[in-house]
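Taking it in order: structure first as structure tokens, then the write-up.
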Amino acid sequence: SLAGAVVMKTKDPTFTPEFAVQGNVGRFGERGSSALANGTLVDNRLAGRLAVDYQAEDGYITNQTLGEDANPLRSANVRGKLLFLPSDDVDLLLTFSHNSQRAGLNAVSATGGVPDYFNVYENTETYHKLDQNAASAKLDWYLDDEWTLTSISSATFVENHTVLDFDRLATSTQAALRHHEQTIASQEVRLGYDYDRLTGFFGAYLGRTTGDIDDQLAVSGTPVMDEQGRVQINNYALFGEANWEFVEDWTLISGLRWDYEENHTRINYTLDTLGLATDPSADENISSNVLLPKVGLSYNLTEDQLVGVTWQRGYRSGGVNLRALAQHTTYDPEFTDTYELAWRGNWLNRRLRTNANLYYTDWTDQQVTFRDGSGNRQIANAASSRMAGVEMSAEYLVTSQLAVNAGASYSDTKYDSFVSDGIDYSGQDFLYAPKYQASVGANYTFENGFLIGGNVVYQGDSVSNFITNGSNQIVGERHSDPVALVNLNAEYAIGNATFSGYVKNLFNERYIANNQSNTVMDVGAPLTFGVAARYAF
């Protein structure tokens, strides 16, 4: 992945019976319920796990024109897993999931750049509705003590409906209607090895993504523009990685990925009554063929201290601008060369854990999303950019009851060479990239098991957009607000029951999260709180 990835792995089935239910309520109409069941279906051969969750909230933004909540949220998730062990050497994990979500508008009105907390004045209800179904099969075949063959097959089906108030006014009725469907299928096979001083894997990947687009603009309920398109992407890759402890305490890290991608995008405006489309059709075939190496070296200073240095090349494929009314131009792949110096340390008999990363990333053809001179969102390539920074964190178990943690980061970003739509952005900071971030927190557990915790999270300001004049010159910037938020949480267990609660933004700080324009902007959530009760048996 280009800049790292967060992988969230849900629990797999086990042969131990487990059942739990949970309910939660909170401010702004928050309410939800969850349940899970896990256990043996066939002794020592087949285990299953089923999890169900439903959440709803009314949101903290009011549409004063329509007299209703502007950002309600409804979500339902169902996930089932089957673990099949046909023999001691083979594991088969099947996963099926369904996710449905409907969210409202995450913005408020503003006058002269001053937000109206927490109101909007639009005469069209805005919502985003997502339905997703996914299935995967993961097979692990343990060939012997050193070698494992893994196959992962997956398919995902996504349908997205969106309605936007296009004019964002109470006096005009222009609505943008979007309907997108996407199918993603992939197959990966890899062979892993684990010797005394050499570990790693190599494998192959094949994926196909197809997507259909139907975006409309309606005036007073009558369609005046209809953009239809189709995107098909084929992706092929070969990859491998090896970690070799060539001498005691020294490990060489190496990896290589060959990636080939084909993208065929077609766009056509089947209806354009008002002649709004600046680019009425597109039929683009683009491809990329890249090698992505990685080299690193780590050294165990002591049993509890490790330092390492790595260099790796990152990549994100190019594409075509798809948004209705935009210029449907292509944009190139972007590449990064990242150099990182890392340190991991444990102290005081492992009660104190510290981490530090020093990094520098050199971007080539960076993909930047911004608003062009016509106010439309476009993706274009910055010829070159850079990012440098440092991250530090520490976790300290002061006593068996008190744990504290802290973290801080500094990031310096810059577009070295970036000219788009006649505007020179060279020398400007990245959009949405705060320089400073920090946090400090603590948890204390009393003798009776009651736990109370809290943290303070700080984020500095960042550029949301650039202000330009009629001469294609940057004359100013729009910034988000710097903010420090205080959050609290508590938990108490009685037998099989666990009661918990949270408070977010304790001091009800008001701040701009995305300074889009003088009339519309995103703001942070006000003080929110909630409680939950869980019973497991």
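We label chains A, B, ... in the order they appear in the structure tokens, count residues from 1 in each chain, and number ligands from 1 in the order shown.
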Within 6 Å of region 487-496 of chain A using only C-alpha atoms, minus same-chain residues under 4 positions, as a list in words: Phe450, Leu451, Ile452, Gly453, Gly454, Asn455, Ser500, Gly501, Tyr502, Val503, Lys504, Asn505, Leu506, Tyr535 and Ala536 of chain A
Backbone DSSP call of strand (DSSP E) for region 411-499 of chain A, listed as number ranges by chain: A: 411-417, 419-420, 423-424, 436-445, 451-459, 463-468, 474-479, 483-494, 497-499
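Residue neighbourhood of Val520 (chain A), excluding near-sequence residues (fewer than 6 positions): Ala107, Val108, Ser109, Ala110, Thr111, Gly112, Gly113, Val114, Pro115, Asp116, Val120, Arg168 and Asn514 of chain A, at 10 Å, using only C-alpha atoms.
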Nearest-residue call for Ala433 (chain A), choices A:Gly275, A:Gly389, A:Gly470, A:Pro86, using only C-alpha atoms: A:Gly389
Considering only C-alpha atoms, tabulate each residue of region 34-68 of chain A that lies at most 10 Å from region 93-102 of chain A along with its nearest interatomic pair and the corresponding distance in Å to one decimal; arrange the rows by chain and ascending residue number and present them as a tab-separated table.
```
residue	atom	partner	partner_atom	distance
A:Leu46	CA	A:Leu93	CA	9.9
A:Ala47	CA	A:Leu93	CA	9.7
A:Gly48	CA	A:Leu94	CA	9.5
A:Arg49	CA	A:Thr95	CA	9.5
A:Leu50	CA	A:Phe96	CA	9.6
A:Ala51	CA	A:Ser97	CA	9.5
A:Val52	CA	A:His98	CA	9.7
A:Asp53	CA	A:Asn99	CA	9.7
A:Tyr54	CA	A:Ser100	CA	9.6
A:Gln55	CA	A:Gln101	CA	9.4
A:Ala56	CA	A:Arg102	CA	9.5
```
Once you have the residues from the selection above, write them out as a CSV table (one decimal), in the first residue's frame, restricted to all heavy atoms.
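Wrote again11.csv, looks like this:
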```csv
chain,number,residue,atom,x,y,z
A,46,LEU,N,-15.8,-28.7,12.6
A,46,LEU,CA,-16.5,-27.5,12.0
A,46,LEU,C,-17.0,-26.6,13.2
A,46,LEU,O,-17.7,-27.1,14.1
A,46,LEU,CB,-17.7,-28.0,11.2
A,46,LEU,CG,-18.5,-26.8,10.5
A,46,LEU,CD1,-17.6,-26.1,9.4
A,46,LEU,CD2,-19.8,-27.4,9.8
A,47,ALA,N,-16.6,-25.3,13.1
A,47,ALA,CA,-17.0,-24.3,14.1
A,47,ALA,C,-17.6,-23.1,13.4
A,47,ALA,O,-17.2,-22.8,12.2
A,47,ALA,CB,-15.9,-23.9,15.0
A,48,GLY,N,-18.5,-22.4,14.0
A,48,GLY,CA,-19.2,-21.3,13.4
A,48,GLY,C,-19.2,-20.1,14.3
A,48,GLY,O,-19.2,-20.2,15.5
A,49,ARG,N,-19.4,-18.9,13.7
A,49,ARG,CA,-19.5,-17.7,14.5
A,49,ARG,C,-20.4,-16.8,13.7
A,49,ARG,O,-20.3,-16.6,12.5
A,49,ARG,CB,-18.1,-17.0,14.7
A,49,ARG,CG,-18.2,-15.8,15.6
A,49,ARG,CD,-16.8,-15.2,15.8
A,49,ARG,NE,-16.8,-14.2,16.8
A,49,ARG,CZ,-16.6,-14.3,18.1
A,49,ARG,NH1,-16.4,-15.6,18.6
A,49,ARG,NH2,-16.6,-13.3,18.9
A,50,LEU,N,-21.4,-16.2,14.4
A,50,LEU,CA,-22.4,-15.3,13.8
A,50,LEU,C,-22.4,-14.0,14.6
A,50,LEU,O,-22.6,-14.1,15.9
A,50,LEU,CB,-23.7,-15.9,13.7
A,50,LEU,CG,-24.9,-15.0,13.1
A,50,LEU,CD1,-24.6,-14.7,11.7
A,50,LEU,CD2,-26.2,-15.7,13.3
A,51,ALA,N,-22.3,-12.9,14.0
A,51,ALA,CA,-22.3,-11.6,14.7
A,51,ALA,C,-23.3,-10.7,14.0
A,51,ALA,O,-23.3,-10.6,12.7
A,51,ALA,CB,-20.9,-10.9,14.8
A,52,VAL,N,-24.2,-10.0,14.7
A,52,VAL,CA,-25.2,-9.1,14.2
A,52,VAL,C,-25.1,-7.8,15.0
A,52,VAL,O,-25.0,-7.8,16.2
A,52,VAL,CB,-26.6,-9.7,14.3
A,52,VAL,CG1,-27.6,-8.8,13.7
A,52,VAL,CG2,-26.6,-11.1,13.6
A,53,ASP,N,-25.2,-6.7,14.2
A,53,ASP,CA,-25.1,-5.4,14.9
A,53,ASP,C,-26.0,-4.4,14.2
A,53,ASP,O,-26.0,-4.3,12.9
A,53,ASP,CB,-23.7,-4.9,14.9
A,53,ASP,CG,-23.6,-3.5,15.5
A,53,ASP,OD1,-23.8,-3.3,16.7
A,53,ASP,OD2,-23.3,-2.5,14.7
A,54,TYR,N,-26.8,-3.6,15.0
A,54,TYR,CA,-27.6,-2.5,14.4
A,54,TYR,C,-27.3,-1.3,15.2
A,54,TYR,O,-27.4,-1.3,16.4
A,54,TYR,CB,-29.1,-2.9,14.4
A,54,TYR,CG,-29.9,-1.7,13.9
A,54,TYR,CD1,-30.1,-1.4,12.6
A,54,TYR,CD2,-30.6,-0.9,14.9
A,54,TYR,CE1,-30.8,-0.4,12.2
A,54,TYR,CE2,-31.4,0.2,14.4
A,54,TYR,CZ,-31.5,0.4,13.1
A,54,TYR,OH,-32.2,1.5,12.7
A,55,GLN,N,-27.1,-0.1,14.5
A,55,GLN,CA,-26.8,1.1,15.2
A,55,GLN,C,-27.6,2.2,14.5
A,55,GLN,O,-27.8,2.2,13.3
A,55,GLN,CB,-25.3,1.5,15.1
A,55,GLN,CG,-24.4,0.5,15.9
A,55,GLN,CD,-24.7,0.5,17.4
A,55,GLN,OE1,-25.0,1.5,18.0
A,55,GLN,NE2,-24.5,-0.7,18.0
A,56,ALA,N,-28.1,3.2,15.3
A,56,ALA,CA,-28.9,4.3,14.7
A,56,ALA,C,-28.6,5.5,15.6
A,56,ALA,O,-28.3,5.4,16.8
A,56,ALA,CB,-30.4,4.0,14.7
```
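The gap separating CA of Asn355 (chain A) from CA of Glu303 (chain A) is 15.2 Å, in Å to one decimal.
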Taking a cut-off of 10 Å and counting only C-alpha atoms, can you build a table that, for each residue of region 291-404 of chain A near region 417-431 of chain A, reports the nearest atom pair and how far apart they are in Å (one decimal), sorted by chain then residue number, as JSON lines?
```
{"residue": "A:Thr364", "atom": "CA", "partner": "A:Ser417", "partner_atom": "CA", "distance": 9.8}
{"residue": "A:Asp365", "atom": "CA", "partner": "A:Phe418", "partner_atom": "CA", "distance": 9.0}
{"residue": "A:Gln366", "atom": "CA", "partner": "A:Phe418", "partner_atom": "CA", "distance": 9.1}
{"residue": "A:Val368", "atom": "CA", "partner": "A:Leu431", "partner_atom": "CA", "distance": 8.4}
{"residue": "A:Thr369", "atom": "CA", "partner": "A:Leu431", "partner_atom": "CA", "distance": 8.6}
{"residue": "A:Phe370", "atom": "CA", "partner": "A:Leu431", "partner_atom": "CA", "distance": 8.3}
{"residue": "A:Asp372", "atom": "CA", "partner": "A:Asp421", "partner_atom": "CA", "distance": 6.9}
{"residue": "A:Gly373", "atom": "CA", "partner": "A:Asp421", "partner_atom": "CA", "distance": 7.3}
{"residue": "A:Ser374", "atom": "CA", "partner": "A:Asp421", "partner_atom": "CA", "distance": 10.0}
{"residue": "A:Gln378", "atom": "CA", "partner": "A:Ser420", "partner_atom": "CA", "distance": 9.8}
{"residue": "A:Ile379", "atom": "CA", "partner": "A:Ser420", "partner_atom": "CA", "distance": 9.7}
{"residue": "A:Ala380", "atom": "CA", "partner": "A:Ser420", "partner_atom": "CA", "distance": 7.0}
{"residue": "A:Asn381", "atom": "CA", "partner": "A:Phe418", "partner_atom": "CA", "distance": 7.4}
{"residue": "A:Ala382", "atom": "CA", "partner": "A:Phe418", "partner_atom": "CA", "distance": 4.3}
{"residue": "A:Ala383", "atom": "CA", "partner": "A:Ser417", "partner_atom": "CA", "distance": 5.3}
{"residue": "A:Ser384", "atom": "CA", "partner": "A:Ser417", "partner_atom": "CA", "distance": 5.2}
{"residue": "A:Ser385", "atom": "CA", "partner": "A:Ser417", "partner_atom": "CA", "distance": 6.8}
{"residue": "A:Arg386", "atom": "CA", "partner": "A:Phe430", "partner_atom": "CA", "distance": 9.3}
{"residue": "A:Met387", "atom": "CA", "partner": "A:Phe430", "partner_atom": "CA", "distance": 8.9}
```
Export of the given selection (N, CA and C atoms) as a PDB file, in the first residue's frame:
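Just written: selection06.pdb:
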```pdb
ATOM      1  N   THR A 364       6.407  11.220  -6.532  1.00  0.00           N
ATOM      2  CA  THR A 364       6.467  11.507  -7.970  1.00  0.00           C
ATOM      3  C   THR A 364       5.064  11.384  -8.544  1.00  0.00           C
ATOM      4  N   ASP A 365       4.601  12.428  -9.241  1.00  0.00           N
ATOM      5  CA  ASP A 365       3.266  12.437  -9.836  1.00  0.00           C
ATOM      6  C   ASP A 365       2.177  12.194  -8.785  1.00  0.00           C
ATOM      7  N   GLN A 366       2.273  12.878  -7.664  1.00  0.00           N
ATOM      8  CA  GLN A 366       1.291  12.699  -6.597  1.00  0.00           C
ATOM      9  C   GLN A 366      -0.116  13.054  -7.071  1.00  0.00           C
ATOM     10  N   VAL A 368      -3.607  14.510  -6.484  1.00  0.00           N
ATOM     11  CA  VAL A 368      -4.165  15.517  -5.581  1.00  0.00           C
ATOM     12  C   VAL A 368      -5.610  15.779  -5.979  1.00  0.00           C
ATOM     13  N   THR A 369      -6.532  15.716  -5.008  1.00  0.00           N
ATOM     14  CA  THR A 369      -7.928  16.052  -5.237  1.00  0.00           C
ATOM     15  C   THR A 369      -8.182  17.471  -4.753  1.00  0.00           C
ATOM     16  N   PHE A 370      -8.707  18.322  -5.621  1.00  0.00           N
ATOM     17  CA  PHE A 370      -8.908  19.724  -5.284  1.00  0.00           C
ATOM     18  C   PHE A 370     -10.071  20.261  -6.119  1.00  0.00           C
ATOM     19  N   ASP A 372     -11.311  22.822  -8.891  1.00  0.00           N
ATOM     20  CA  ASP A 372     -10.717  23.603  -9.968  1.00  0.00           C
ATOM     21  C   ASP A 372     -11.368  24.990 -10.036  1.00  0.00           C
ATOM     22  N   GLY A 373     -11.005  25.754 -11.058  1.00  0.00           N
ATOM     23  CA  GLY A 373     -11.504  27.123 -11.177  1.00  0.00           C
ATOM     24  C   GLY A 373     -13.000  27.206 -11.337  1.00  0.00           C
ATOM     25  N   SER A 374     -13.659  26.119 -11.785  1.00  0.00           N
ATOM     26  CA  SER A 374     -15.112  26.101 -11.945  1.00  0.00           C
ATOM     27  C   SER A 374     -15.830  25.572 -10.709  1.00  0.00           C
ATOM     28  N   GLN A 378     -11.544  17.801  -8.970  1.00  0.00           N
ATOM     29  CA  GLN A 378     -10.727  17.115  -9.972  1.00  0.00           C
ATOM     30  C   GLN A 378      -9.568  16.398  -9.275  1.00  0.00           C
ATOM     31  N   ILE A 379      -9.067  15.378  -9.933  1.00  0.00           N
ATOM     32  CA  ILE A 379      -7.828  14.727  -9.514  1.00  0.00           C
ATOM     33  C   ILE A 379      -6.780  15.033 -10.570  1.00  0.00           C
ATOM     34  N   ALA A 380      -5.643  15.551 -10.139  1.00  0.00           N
ATOM     35  CA  ALA A 380      -4.546  15.865 -11.052  1.00  0.00           C
ATOM     36  C   ALA A 380      -3.239  15.457 -10.390  1.00  0.00           C
ATOM     37  N   ASN A 381      -2.181  15.364 -11.194  1.00  0.00           N
ATOM     38  CA  ASN A 381      -0.881  14.934 -10.687  1.00  0.00           C
ATOM     39  C   ASN A 381       0.015  16.129 -10.395  1.00  0.00           C
ATOM     40  N   ALA A 382       0.542  16.155  -9.171  1.00  0.00           N
ATOM     41  CA  ALA A 382       1.619  17.081  -8.849  1.00  0.00           C
ATOM     42  C   ALA A 382       2.922  16.426  -9.298  1.00  0.00           C
ATOM     43  N   ALA A 383       3.744  17.155 -10.041  1.00  0.00           N
ATOM     44  CA  ALA A 383       4.951  16.558 -10.619  1.00  0.00           C
ATOM     45  C   ALA A 383       5.845  15.957  -9.541  1.00  0.00           C
ATOM     46  N   SER A 384       6.017  16.685  -8.441  1.00  0.00           N
ATOM     47  CA  SER A 384       6.848  16.172  -7.354  1.00  0.00           C
ATOM     48  C   SER A 384       6.406  16.806  -6.042  1.00  0.00           C
ATOM     49  N   SER A 385       6.518  16.029  -4.976  1.00  0.00           N
ATOM     50  CA  SER A 385       6.137  16.486  -3.650  1.00  0.00           C
ATOM     51  C   SER A 385       7.022  15.764  -2.641  1.00  0.00           C
ATOM     52  N   ARG A 386       6.936  16.225  -1.400  1.00  0.00           N
ATOM     53  CA  ARG A 386       7.730  15.572  -0.359  1.00  0.00           C
ATOM     54  C   ARG A 386       6.993  15.652   0.971  1.00  0.00           C
ATOM     55  N   MET A 387       7.329  14.715   1.849  1.00  0.00           N
ATOM     56  CA  MET A 387       6.788  14.691   3.197  1.00  0.00           C
ATOM     57  C   MET A 387       7.866  14.156   4.123  1.00  0.00           C
TER      58      MET A 387
END
```
Contact residues around region 317-320 of chain A with only C-alpha atoms at 8 Å, ignoring same-chain residues under 4 positions, as a list in words: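 In the requested form, the answer reads Glu261, Asn263, Thr265, Glu284, Ile286, Ser288, His328, Thr329, Thr330, Tyr331, Asp332, Pro333 and Glu334 of chain A.
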Prev. selection, N, CA and C atoms, output as a CSV table (one decimal), in the first residue's frame:
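Once written, out-v8.csv looks like this:
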```csv
chain,number,residue,atom,x,y,z
A,261,GLU,N,-1.6,-3.3,-14.4
A,261,GLU,CA,-3.0,-3.0,-14.3
A,261,GLU,C,-3.5,-2.4,-15.6
A,263,ASN,N,-6.9,-0.4,-17.3
A,263,ASN,CA,-8.1,0.3,-16.9
A,263,ASN,C,-8.8,0.8,-18.2
A,265,THR,N,-12.2,2.9,-19.2
A,265,THR,CA,-13.3,3.7,-18.7
A,265,THR,C,-14.0,4.4,-19.9
A,284,GLU,N,-11.4,5.9,-22.5
A,284,GLU,CA,-10.0,5.9,-22.2
A,284,GLU,C,-9.5,4.4,-21.9
A,286,ILE,N,-6.0,3.0,-20.2
A,286,ILE,CA,-4.7,3.3,-19.6
A,286,ILE,C,-4.2,2.0,-18.9
A,288,SER,N,-0.6,0.4,-16.5
A,288,SER,CA,0.6,0.6,-15.8
A,288,SER,C,1.3,-0.7,-15.5
A,328,HIS,N,-13.2,15.0,-17.8
A,328,HIS,CA,-13.0,13.5,-17.7
A,328,HIS,C,-11.6,13.1,-18.2
A,329,THR,N,-10.6,13.8,-17.7
A,329,THR,CA,-9.2,13.6,-18.1
A,329,THR,C,-8.6,12.4,-17.3
A,330,THR,N,-7.6,11.8,-17.8
A,330,THR,CA,-6.9,10.8,-17.1
A,330,THR,C,-5.9,11.4,-16.2
A,331,TYR,N,-5.4,10.7,-15.2
A,331,TYR,CA,-4.3,11.1,-14.3
A,331,TYR,C,-3.4,9.9,-14.2
A,332,ASP,N,-2.1,10.2,-14.0
A,332,ASP,CA,-1.1,9.1,-14.0
A,332,ASP,C,-1.0,8.4,-12.6
A,333,PRO,N,-0.3,7.3,-12.6
A,333,PRO,CA,0.0,6.7,-11.3
A,333,PRO,C,0.9,7.6,-10.5
A,334,GLU,N,0.8,7.4,-9.2
A,334,GLU,CA,1.7,8.1,-8.3
A,334,GLU,C,2.7,7.2,-7.6
```
CA of Ala70 (chain A) to CA of Asp215 (chain A), distance in Å rounded to a single decimal: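 Interatomic distance, CA of Ala70 (chain A) to CA of Asp215 (chain A): 22.1 Å.
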Neighbour list for Asp196 (chain A) as a list in words, cut-off 12 Å, only C-alpha atoms, skip fewer than 3 positions in-chain: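 Result of the neighbour search: Asp145, Glu146, Tyr193, Thr199, Gly200, Asn243, Trp244, Glu245, Phe246, Val247 and Glu248 of chain A.
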Nearest to Asn123 (chain A) by atom-to-atom distance, counting only C-alpha atoms, from A:Ser172, A:Thr310, A:His161, A:Trp141: A:Ser172
Nearest candidate to Thr62 (chain A) (options A:Asn77, A:Asn24, A:Asn119, A:Ser480; using only C-alpha atoms):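 Looking at the shortest contact to Thr62 (chain A), the residue is A:Asn119.
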